[in-house]
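**Student:** Sharing data_37.cif here; it has mmCIF, N, CA and C atoms.
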```
data_data
#
loop_
_atom_site.group_PDB
_atom_site.id
_atom_site.type_symbol
_atom_site.label_atom_id
_atom_site.label_comp_id
_atom_site.auth_asym_id
_atom_site.auth_seq_id
_atom_site.Cartn_x
_atom_site.Cartn_y
_atom_site.Cartn_z
ATOM 1 N N MET N 8 -40.026 13.504 1.813
ATOM 2 C CA MET N 8 -38.984 13.613 0.820
ATOM 3 C C MET N 8 -38.087 14.788 1.194
ATOM 4 N N TYR N 9 -36.816 14.641 0.890
ATOM 5 C CA TYR N 9 -35.798 15.658 1.169
ATOM 6 C C TYR N 9 -35.150 16.052 -0.158
ATOM 7 N N VAL N 10 -34.960 17.337 -0.357
ATOM 8 C CA VAL N 10 -34.359 17.842 -1.588
ATOM 9 C C VAL N 10 -33.139 18.677 -1.240
ATOM 10 N N ALA N 11 -32.023 18.379 -1.893
ATOM 11 C CA ALA N 11 -30.797 19.159 -1.730
ATOM 12 C C ALA N 11 -30.515 19.881 -3.036
ATOM 13 N N THR N 12 -30.133 21.154 -2.942
ATOM 14 C CA THR N 12 -29.810 21.920 -4.144
ATOM 15 C C THR N 12 -28.423 22.522 -4.017
ATOM 16 N N ASN N 13 -27.825 22.765 -5.165
ATOM 17 C CA ASN N 13 -26.549 23.462 -5.226
ATOM 18 C C ASN N 13 -26.636 24.433 -6.402
ATOM 19 N N GLY N 14 -26.751 25.719 -6.090
ATOM 20 C CA GLY N 14 -26.818 26.749 -7.111
ATOM 21 C C GLY N 14 -25.408 27.122 -7.549
ATOM 22 N N LEU N 15 -25.123 26.985 -8.834
ATOM 23 C CA LEU N 15 -23.785 27.240 -9.355
ATOM 24 C C LEU N 15 -23.800 28.436 -10.298
ATOM 25 N N THR N 16 -22.893 29.360 -10.082
ATOM 26 C CA THR N 16 -22.661 30.459 -11.004
ATOM 27 C C THR N 16 -21.410 30.115 -11.780
ATOM 28 N N ILE N 17 -21.527 30.125 -13.104
ATOM 29 C CA ILE N 17 -20.388 29.734 -13.943
ATOM 30 C C ILE N 17 -20.132 30.793 -15.006
ATOM 31 N N ALA N 18 -18.927 30.792 -15.523
ATOM 32 C CA ALA N 18 -18.563 31.712 -16.592
ATOM 33 C C ALA N 18 -19.402 31.414 -17.835
ATOM 34 N N ARG N 19 -19.872 32.466 -18.482
ATOM 35 C CA ARG N 19 -20.686 32.317 -19.694
ATOM 36 C C ARG N 19 -19.968 31.443 -20.713
ATOM 37 N N GLY N 20 -20.739 30.549 -21.340
ATOM 38 C CA GLY N 20 -20.196 29.680 -22.373
ATOM 39 C C GLY N 20 -19.775 28.304 -21.885
ATOM 40 N N HIS N 21 -19.911 28.039 -20.575
ATOM 41 C CA HIS N 21 -19.483 26.747 -20.038
ATOM 42 C C HIS N 21 -20.645 25.868 -19.567
ATOM 43 N N GLY N 22 -21.872 26.300 -19.805
ATOM 44 C CA GLY N 22 -23.034 25.524 -19.365
ATOM 45 C C GLY N 22 -23.074 24.126 -19.949
ATOM 46 N N ALA N 23 -22.830 24.015 -21.240
ATOM 47 C CA ALA N 23 -22.866 22.701 -21.899
ATOM 48 C C ALA N 23 -21.766 21.798 -21.372
ATOM 49 N N GLU N 24 -20.619 22.374 -21.065
ATOM 50 C CA GLU N 24 -19.496 21.597 -20.521
ATOM 51 C C GLU N 24 -19.850 21.012 -19.151
ATOM 52 N N LEU N 25 -20.447 21.841 -18.304
ATOM 53 C CA LEU N 25 -20.837 21.360 -16.980
ATOM 54 C C LEU N 25 -21.973 20.345 -17.094
ATOM 55 N N GLU N 26 -22.900 20.585 -18.006
ATOM 56 C CA GLU N 26 -23.995 19.643 -18.236
ATOM 57 C C GLU N 26 -23.446 18.268 -18.621
ATOM 58 N N GLU N 27 -22.478 18.232 -19.503
ATOM 59 C CA GLU N 27 -21.880 16.966 -19.926
ATOM 60 C C GLU N 27 -21.182 16.274 -18.763
ATOM 61 N N GLN N 28 -20.531 17.043 -17.919
ATOM 62 C CA GLN N 28 -19.874 16.471 -16.749
ATOM 63 C C GLN N 28 -20.890 15.775 -15.844
ATOM 64 N N PHE N 29 -22.034 16.411 -15.609
ATOM 65 C CA PHE N 29 -23.077 15.783 -14.791
ATOM 66 C C PHE N 29 -23.688 14.588 -15.500
ATOM 67 N N ARG N 30 -23.789 14.633 -16.819
ATOM 68 C CA ARG N 30 -24.344 13.516 -17.581
ATOM 69 C C ARG N 30 -23.482 12.261 -17.430
ATOM 70 N N ARG N 31 -22.170 12.442 -17.358
ATOM 71 C CA ARG N 31 -21.240 11.314 -17.230
ATOM 72 C C ARG N 31 -21.216 10.727 -15.826
ATOM 73 N N GLN N 32 -21.554 11.514 -14.829
ATOM 74 C CA GLN N 32 -21.488 11.053 -13.439
ATOM 75 C C GLN N 32 -22.737 10.235 -13.132
ATOM 76 N N GLY N 33 -22.571 9.010 -12.724
ATOM 77 C CA GLY N 33 -23.737 8.181 -12.478
ATOM 78 C C GLY N 33 -23.729 7.459 -11.154
ATOM 79 N N GLY N 34 -22.709 7.679 -10.330
ATOM 80 C CA GLY N 34 -22.598 6.946 -9.076
ATOM 81 C C GLY N 34 -23.774 7.141 -8.139
ATOM 82 N N VAL N 35 -24.393 8.292 -8.204
ATOM 83 C CA VAL N 35 -25.511 8.568 -7.301
ATOM 84 C C VAL N 35 -26.717 7.690 -7.615
ATOM 85 N N LYS N 36 -26.816 7.209 -8.838
ATOM 86 C CA LYS N 36 -27.983 6.418 -9.245
ATOM 87 C C LYS N 36 -28.159 5.144 -8.422
ATOM 88 N N GLN N 37 -27.054 4.585 -7.938
ATOM 89 C CA GLN N 37 -27.124 3.352 -7.154
ATOM 90 C C GLN N 37 -27.197 3.623 -5.652
ATOM 91 N N GLN N 38 -27.177 4.867 -5.240
ATOM 92 C CA GLN N 38 -27.148 5.203 -3.812
ATOM 93 C C GLN N 38 -28.497 4.903 -3.162
ATOM 94 N N PRO N 39 -28.521 4.138 -2.064
ATOM 95 C CA PRO N 39 -29.782 3.893 -1.352
ATOM 96 C C PRO N 39 -30.441 5.211 -0.939
ATOM 97 N N GLY N 40 -31.726 5.309 -1.173
ATOM 98 C CA GLY N 40 -32.486 6.491 -0.801
ATOM 99 C C GLY N 40 -32.534 7.572 -1.858
ATOM 100 N N PHE N 41 -31.771 7.410 -2.952
ATOM 101 C CA PHE N 41 -31.771 8.394 -4.032
ATOM 102 C C PHE N 41 -33.051 8.244 -4.846
ATOM 103 N N LEU N 42 -33.736 9.368 -5.093
ATOM 104 C CA LEU N 42 -34.984 9.348 -5.845
ATOM 105 C C LEU N 42 -34.892 10.036 -7.199
ATOM 106 N N GLY N 43 -33.967 10.978 -7.371
ATOM 107 C CA GLY N 43 -33.883 11.639 -8.660
ATOM 108 C C GLY N 43 -32.898 12.790 -8.688
ATOM 109 N N PHE N 44 -32.519 13.163 -9.907
ATOM 110 C CA PHE N 44 -31.561 14.244 -10.162
ATOM 111 C C PHE N 44 -32.102 15.133 -11.267
ATOM 112 N N GLU N 45 -31.919 16.426 -11.114
ATOM 113 C CA GLU N 45 -32.262 17.386 -12.155
ATOM 114 C C GLU N 45 -31.179 18.449 -12.203
ATOM 115 N N LEU N 46 -30.891 18.938 -13.401
ATOM 116 C CA LEU N 46 -29.999 20.074 -13.578
ATOM 117 C C LEU N 46 -30.807 21.150 -14.277
ATOM 118 N N TRP N 47 -31.006 22.267 -13.592
ATOM 119 C CA TRP N 47 -31.790 23.371 -14.133
ATOM 120 C C TRP N 47 -30.837 24.475 -14.571
ATOM 121 N N GLN N 48 -31.162 25.133 -15.686
ATOM 122 C CA GLN N 48 -30.379 26.279 -16.143
ATOM 123 C C GLN N 48 -31.299 27.492 -16.217
ATOM 124 N N LEU N 49 -30.884 28.563 -15.556
ATOM 125 C CA LEU N 49 -31.655 29.802 -15.562
ATOM 126 C C LEU N 49 -31.642 30.397 -16.964
ATOM 127 N N ARG N 50 -32.803 30.779 -17.460
ATOM 128 C CA ARG N 50 -32.885 31.449 -18.759
ATOM 129 C C ARG N 50 -32.378 32.870 -18.610
ATOM 130 N N GLY N 51 -31.653 33.325 -19.595
ATOM 131 C CA GLY N 51 -31.161 34.690 -19.565
ATOM 132 C C GLY N 51 -29.869 34.805 -20.339
ATOM 133 N N ASP N 52 -29.430 36.034 -20.478
ATOM 134 C CA ASP N 52 -28.212 36.269 -21.247
ATOM 135 C C ASP N 52 -27.290 37.251 -20.518
ATOM 136 N N GLY N 53 -27.134 37.053 -19.228
ATOM 137 C CA GLY N 53 -26.250 37.898 -18.438
ATOM 138 C C GLY N 53 -24.792 37.558 -18.672
ATOM 139 N N GLU N 54 -23.948 38.122 -17.847
ATOM 140 C CA GLU N 54 -22.507 37.911 -17.972
ATOM 141 C C GLU N 54 -22.074 36.532 -17.492
ATOM 142 N N THR N 55 -22.913 35.888 -16.674
ATOM 143 C CA THR N 55 -22.630 34.541 -16.183
ATOM 144 C C THR N 55 -23.832 33.645 -16.467
ATOM 145 N N GLU N 56 -23.648 32.350 -16.257
ATOM 146 C CA GLU N 56 -24.742 31.386 -16.351
ATOM 147 C C GLU N 56 -25.022 30.868 -14.947
ATOM 148 N N GLU N 57 -26.279 30.563 -14.680
ATOM 149 C CA GLU N 57 -26.654 30.000 -13.390
ATOM 150 C C GLU N 57 -27.315 28.649 -13.608
ATOM 151 N N LEU N 58 -26.794 27.648 -12.901
ATOM 152 C CA LEU N 58 -27.367 26.309 -12.941
ATOM 153 C C LEU N 58 -27.730 25.891 -11.529
ATOM 154 N N LEU N 59 -28.770 25.082 -11.414
ATOM 155 C CA LEU N 59 -29.201 24.580 -10.124
ATOM 156 C C LEU N 59 -29.211 23.058 -10.181
ATOM 157 N N VAL N 60 -28.391 22.443 -9.355
ATOM 158 C CA VAL N 60 -28.354 20.997 -9.207
ATOM 159 C C VAL N 60 -29.399 20.635 -8.157
ATOM 160 N N VAL N 61 -30.352 19.766 -8.511
ATOM 161 C CA VAL N 61 -31.449 19.401 -7.619
ATOM 162 C C VAL N 61 -31.447 17.887 -7.467
ATOM 163 N N THR N 62 -31.272 17.400 -6.231
ATOM 164 C CA THR N 62 -31.355 15.960 -5.983
ATOM 165 C C THR N 62 -32.478 15.688 -4.988
ATOM 166 N N HIS N 63 -33.209 14.604 -5.228
ATOM 167 C CA HIS N 63 -34.346 14.204 -4.398
ATOM 168 C C HIS N 63 -33.957 12.930 -3.642
ATOM 169 N N TRP N 64 -34.278 12.899 -2.353
ATOM 170 C CA TRP N 64 -33.888 11.800 -1.466
ATOM 171 C C TRP N 64 -35.060 11.366 -0.605
ATOM 172 N N GLU N 65 -35.012 10.115 -0.170
ATOM 173 C CA GLU N 65 -36.040 9.629 0.747
ATOM 174 C C GLU N 65 -36.015 10.405 2.053
ATOM 175 N N SER N 66 -34.808 10.783 2.503
ATOM 176 C CA SER N 66 -34.681 11.470 3.786
ATOM 177 C C SER N 66 -33.369 12.245 3.838
ATOM 178 N N GLU N 67 -33.247 13.091 4.810
ATOM 179 C CA GLU N 67 -31.993 13.812 5.029
ATOM 180 C C GLU N 67 -30.865 12.832 5.343
ATOM 181 N N GLU N 68 -31.196 11.769 6.047
ATOM 182 C CA GLU N 68 -30.190 10.771 6.409
ATOM 183 C C GLU N 68 -29.615 10.069 5.179
ATOM 184 N N THR N 69 -30.486 9.734 4.204
ATOM 185 C CA THR N 69 -29.963 9.060 3.002
ATOM 186 C C THR N 69 -29.082 10.007 2.192
ATOM 187 N N HIS N 70 -29.409 11.304 2.188
ATOM 188 C CA HIS N 70 -28.547 12.281 1.517
ATOM 189 C C HIS N 70 -27.207 12.379 2.235
ATOM 190 N N ALA N 71 -27.234 12.412 3.558
ATOM 191 C CA ALA N 71 -25.988 12.492 4.333
ATOM 192 C C ALA N 71 -25.113 11.263 4.080
ATOM 193 N N GLU N 72 -25.731 10.090 3.953
ATOM 194 C CA GLU N 72 -24.963 8.879 3.649
ATOM 195 C C GLU N 72 -24.276 9.007 2.294
ATOM 196 N N TRP N 73 -24.958 9.603 1.314
ATOM 197 C CA TRP N 73 -24.352 9.833 0.001
ATOM 198 C C TRP N 73 -23.119 10.713 0.127
ATOM 199 N N THR N 74 -23.214 11.786 0.902
ATOM 200 C CA THR N 74 -22.079 12.715 1.011
ATOM 201 C C THR N 74 -20.886 12.089 1.725
ATOM 202 N N ARG N 75 -21.106 10.988 2.423
ATOM 203 C CA ARG N 75 -20.003 10.280 3.093
ATOM 204 C C ARG N 75 -19.513 9.073 2.293
ATOM 205 N N SER N 76 -20.109 8.823 1.125
ATOM 206 C CA SER N 76 -19.801 7.611 0.366
ATOM 207 C C SER N 76 -18.558 7.774 -0.507
ATOM 208 N N GLU N 77 -17.999 6.644 -0.880
ATOM 209 C CA GLU N 77 -16.865 6.630 -1.811
ATOM 210 C C GLU N 77 -17.288 7.158 -3.180
ATOM 211 N N ALA N 78 -18.508 6.830 -3.615
ATOM 212 C CA ALA N 78 -18.999 7.321 -4.903
ATOM 213 C C ALA N 78 -19.061 8.847 -4.913
ATOM 214 N N PHE N 79 -19.452 9.459 -3.806
ATOM 215 C CA PHE N 79 -19.476 10.921 -3.710
ATOM 216 C C PHE N 79 -18.061 11.484 -3.822
ATOM 217 N N ARG N 80 -17.125 10.873 -3.111
ATOM 218 C CA ARG N 80 -15.733 11.341 -3.166
ATOM 219 C C ARG N 80 -15.193 11.250 -4.596
ATOM 220 N N GLN N 81 -15.506 10.166 -5.278
ATOM 221 C CA GLN N 81 -15.053 10.012 -6.661
ATOM 222 C C GLN N 81 -15.700 11.042 -7.586
ATOM 223 N N ALA N 82 -16.983 11.323 -7.383
ATOM 224 C CA ALA N 82 -17.695 12.282 -8.228
ATOM 225 C C ALA N 82 -17.153 13.699 -8.056
ATOM 226 N N HIS N 83 -16.587 13.974 -6.879
ATOM 227 C CA HIS N 83 -16.101 15.323 -6.591
ATOM 228 C C HIS N 83 -14.576 15.399 -6.541
ATOM 229 N N ALA N 84 -13.905 14.360 -7.014
ATOM 230 C CA ALA N 84 -12.437 14.335 -7.004
ATOM 231 C C ALA N 84 -11.877 15.167 -8.150
ATOM 232 N N GLY N 85 -10.623 15.488 -8.026
ATOM 233 C CA GLY N 85 -9.941 16.217 -9.087
ATOM 234 C C GLY N 85 -10.005 17.710 -8.876
ATOM 235 N N PRO N 86 -9.395 18.436 -9.771
ATOM 236 C CA PRO N 86 -9.365 19.892 -9.636
ATOM 237 C C PRO N 86 -10.745 20.508 -9.852
ATOM 238 N N HIS N 87 -11.004 21.558 -9.134
ATOM 239 C CA HIS N 87 -12.244 22.315 -9.260
ATOM 240 C C HIS N 87 -12.185 23.117 -10.555
ATOM 241 N N PRO N 88 -13.158 22.949 -11.475
ATOM 242 C CA PRO N 88 -13.107 23.703 -12.737
ATOM 243 C C PRO N 88 -13.073 25.209 -12.473
ATOM 244 N N ASP N 89 -12.181 25.916 -13.163
ATOM 245 C CA ASP N 89 -12.038 27.350 -12.920
ATOM 246 C C ASP N 89 -13.201 28.165 -13.463
ATOM 247 N N TYR N 90 -14.061 27.555 -14.286
ATOM 248 C CA TYR N 90 -15.219 28.287 -14.793
ATOM 249 C C TYR N 90 -16.374 28.322 -13.785
ATOM 250 N N ILE N 91 -16.275 27.541 -12.702
ATOM 251 C CA ILE N 91 -17.279 27.628 -11.638
ATOM 252 C C ILE N 91 -16.880 28.788 -10.736
ATOM 253 N N LEU N 92 -17.696 29.819 -10.709
ATOM 254 C CA LEU N 92 -17.366 31.050 -10.007
ATOM 255 C C LEU N 92 -17.897 31.079 -8.582
ATOM 256 N N GLY N 93 -18.889 30.248 -8.283
ATOM 257 C CA GLY N 93 -19.448 30.222 -6.933
ATOM 258 C C GLY N 93 -20.575 29.223 -6.837
ATOM 259 N N GLY N 94 -20.964 28.929 -5.615
ATOM 260 C CA GLY N 94 -22.055 27.996 -5.383
ATOM 261 C C GLY N 94 -22.739 28.271 -4.062
ATOM 262 N N GLN N 95 -23.980 27.829 -3.965
ATOM 263 C CA GLN N 95 -24.741 28.001 -2.733
ATOM 264 C C GLN N 95 -25.609 26.767 -2.527
ATOM 265 N N GLN N 96 -25.354 26.050 -1.444
ATOM 266 C CA GLN N 96 -26.105 24.834 -1.151
ATOM 267 C C GLN N 96 -27.271 25.146 -0.224
ATOM 268 N N LYS N 97 -28.399 24.496 -0.509
ATOM 269 C CA LYS N 97 -29.597 24.630 0.315
ATOM 270 C C LYS N 97 -30.268 23.274 0.387
ATOM 271 N N SER N 98 -31.144 23.110 1.360
ATOM 272 C CA SER N 98 -31.907 21.867 1.470
ATOM 273 C C SER N 98 -33.342 22.193 1.856
ATOM 274 N N TYR N 99 -34.241 21.297 1.438
ATOM 275 C CA TYR N 99 -35.668 21.520 1.620
ATOM 276 C C TYR N 99 -36.352 20.229 2.036
ATOM 277 N N ASP N 100 -37.410 20.355 2.815
ATOM 278 C CA ASP N 100 -38.322 19.267 3.083
ATOM 279 C C ASP N 100 -39.547 19.501 2.191
ATOM 280 N N VAL N 101 -39.899 18.500 1.380
ATOM 281 C CA VAL N 101 -41.054 18.630 0.501
ATOM 282 C C VAL N 101 -42.309 18.397 1.324
ATOM 283 N N LYS N 102 -43.181 19.384 1.349
ATOM 284 C CA LYS N 102 -44.408 19.315 2.142
ATOM 285 C C LYS N 102 -45.599 18.823 1.324
ATOM 286 N N ILE N 103 -45.659 19.238 0.063
ATOM 287 C CA ILE N 103 -46.749 18.838 -0.828
ATOM 288 C C ILE N 103 -46.166 18.567 -2.203
ATOM 289 N N SER N 104 -46.575 17.473 -2.827
ATOM 290 C CA SER N 104 -46.149 17.159 -4.177
ATOM 291 C C SER N 104 -47.268 16.389 -4.859
ATOM 292 N N TYR N 105 -47.676 16.847 -6.042
ATOM 293 C CA TYR N 105 -48.684 16.104 -6.796
ATOM 294 C C TYR N 105 -48.514 16.372 -8.281
ATOM 295 N N GLY N 106 -49.104 15.501 -9.073
ATOM 296 C CA GLY N 106 -49.049 15.614 -10.525
ATOM 297 C C GLY N 106 -50.422 15.897 -11.089
ATOM 298 N N PRO N 107 -50.552 15.786 -12.402
ATOM 299 C CA PRO N 107 -51.842 16.074 -13.035
ATOM 300 C C PRO N 107 -52.900 15.030 -12.675
ATOM 301 N N GLU N 108 -54.134 15.433 -12.747
ATOM 302 C CA GLU N 108 -55.247 14.504 -12.520
ATOM 303 C C GLU N 108 -55.459 13.659 -13.762
ATOM 304 N N GLY N 109 -56.022 12.485 -13.548
ATOM 305 C CA GLY N 109 -56.363 11.679 -14.708
ATOM 306 C C GLY N 109 -55.827 10.368 -14.686
#
```
What's the structure tokens form of this structure?
**Tutor:**
Amino acid sequence: MYVATNGLTIARGHGAELEEQFRRQGGVKQQPGFLGFELWQLRGDGETEELLVVTHWESEETHAEWTRSEAFRQAHAGPHPDYILGGQQKSYDVKISYGPEG
């Protein structure tokens, strides 16, 4: 499994707005090799908010195909919201994953 993340720093008070934007975007759901999406919000009360976009893929190749797709271009089209102050993309290979016993 391959995991891609995008850590976003946003202006305080815009977390719900960005969350709603991700809730409306659904093109990735039909992408071959897509396994799941999560949006994490860091707990805290600093001057900014931090969110982590986490997507799970069958492989690095299926993620790369998504980034070249028309659905990806549509999801990222339009003006960049000015409340997004920065971002940092990372990728991971999942080595171990398990759930509860039973």
**Student:** Just the residues within 12 Å of N:Ala71, please, counting only C-alpha atoms, with nothing from its chain fewer than 6 positions along; format it as a list in words.
**Tutor:** Tyr9, Val10, Ala11, Gln38, Pro39, Gly40, Phe41, Trp64, Glu65, Phe79 and Ser98 of chain N
**Student:** Need the shell around N:Arg19: protein/DNA/RNA residues with any atom at most 7 Å away, counting only C-alpha atoms. Skip same-chain ones fewer than 5 positions apart. Format as a PyMOL selection string?
**Tutor:** chain N and resi 54-56
**Student:** With the PyMOL selection byres (((chain N and resi 45 and name CA) around 9) and name CA) as the selection, what would be picked from this file? Answer as a ChimeraX atom specification, please.
**Tutor:** /N:43-44,46-47,59-63
**Student:** Anything within 6 Å of (-14.6, 28.1, -20.6): list those residues as a PyMOL selection string, counting only N, CA and C atoms and sticking to the file's coordinates.
**Tutor:** chain N and resi 20-21+90
**Student:** Those same residues, written as a PDB file, in the frame of the given file with N, CA and C atoms?
**Tutor:**
```
ATOM      1  N   GLY N  20     -20.739  30.549 -21.340  1.00  0.00           N
ATOM      2  CA  GLY N  20     -20.196  29.680 -22.373  1.00  0.00           C
ATOM      3  C   GLY N  20     -19.775  28.304 -21.885  1.00  0.00           C
ATOM      4  N   HIS N  21     -19.911  28.039 -20.575  1.00  0.00           N
ATOM      5  CA  HIS N  21     -19.483  26.747 -20.038  1.00  0.00           C
ATOM      6  C   HIS N  21     -20.645  25.868 -19.567  1.00  0.00           C
ATOM      7  N   TYR N  90     -14.061  27.555 -14.286  1.00  0.00           N
ATOM      8  CA  TYR N  90     -15.219  28.287 -14.793  1.00  0.00           C
ATOM      9  C   TYR N  90     -16.374  28.322 -13.785  1.00  0.00           C
TER      10      TYR N  90
END
```
**Student:** Can you work out the spacing between atom N of N:Glu24 and atom CA of N:Gln81 in Å, to one decimal?
**Tutor:**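 For atom N of N:Glu24 relative to atom CA of N:Gln81, the distance reads 19.8 Å.
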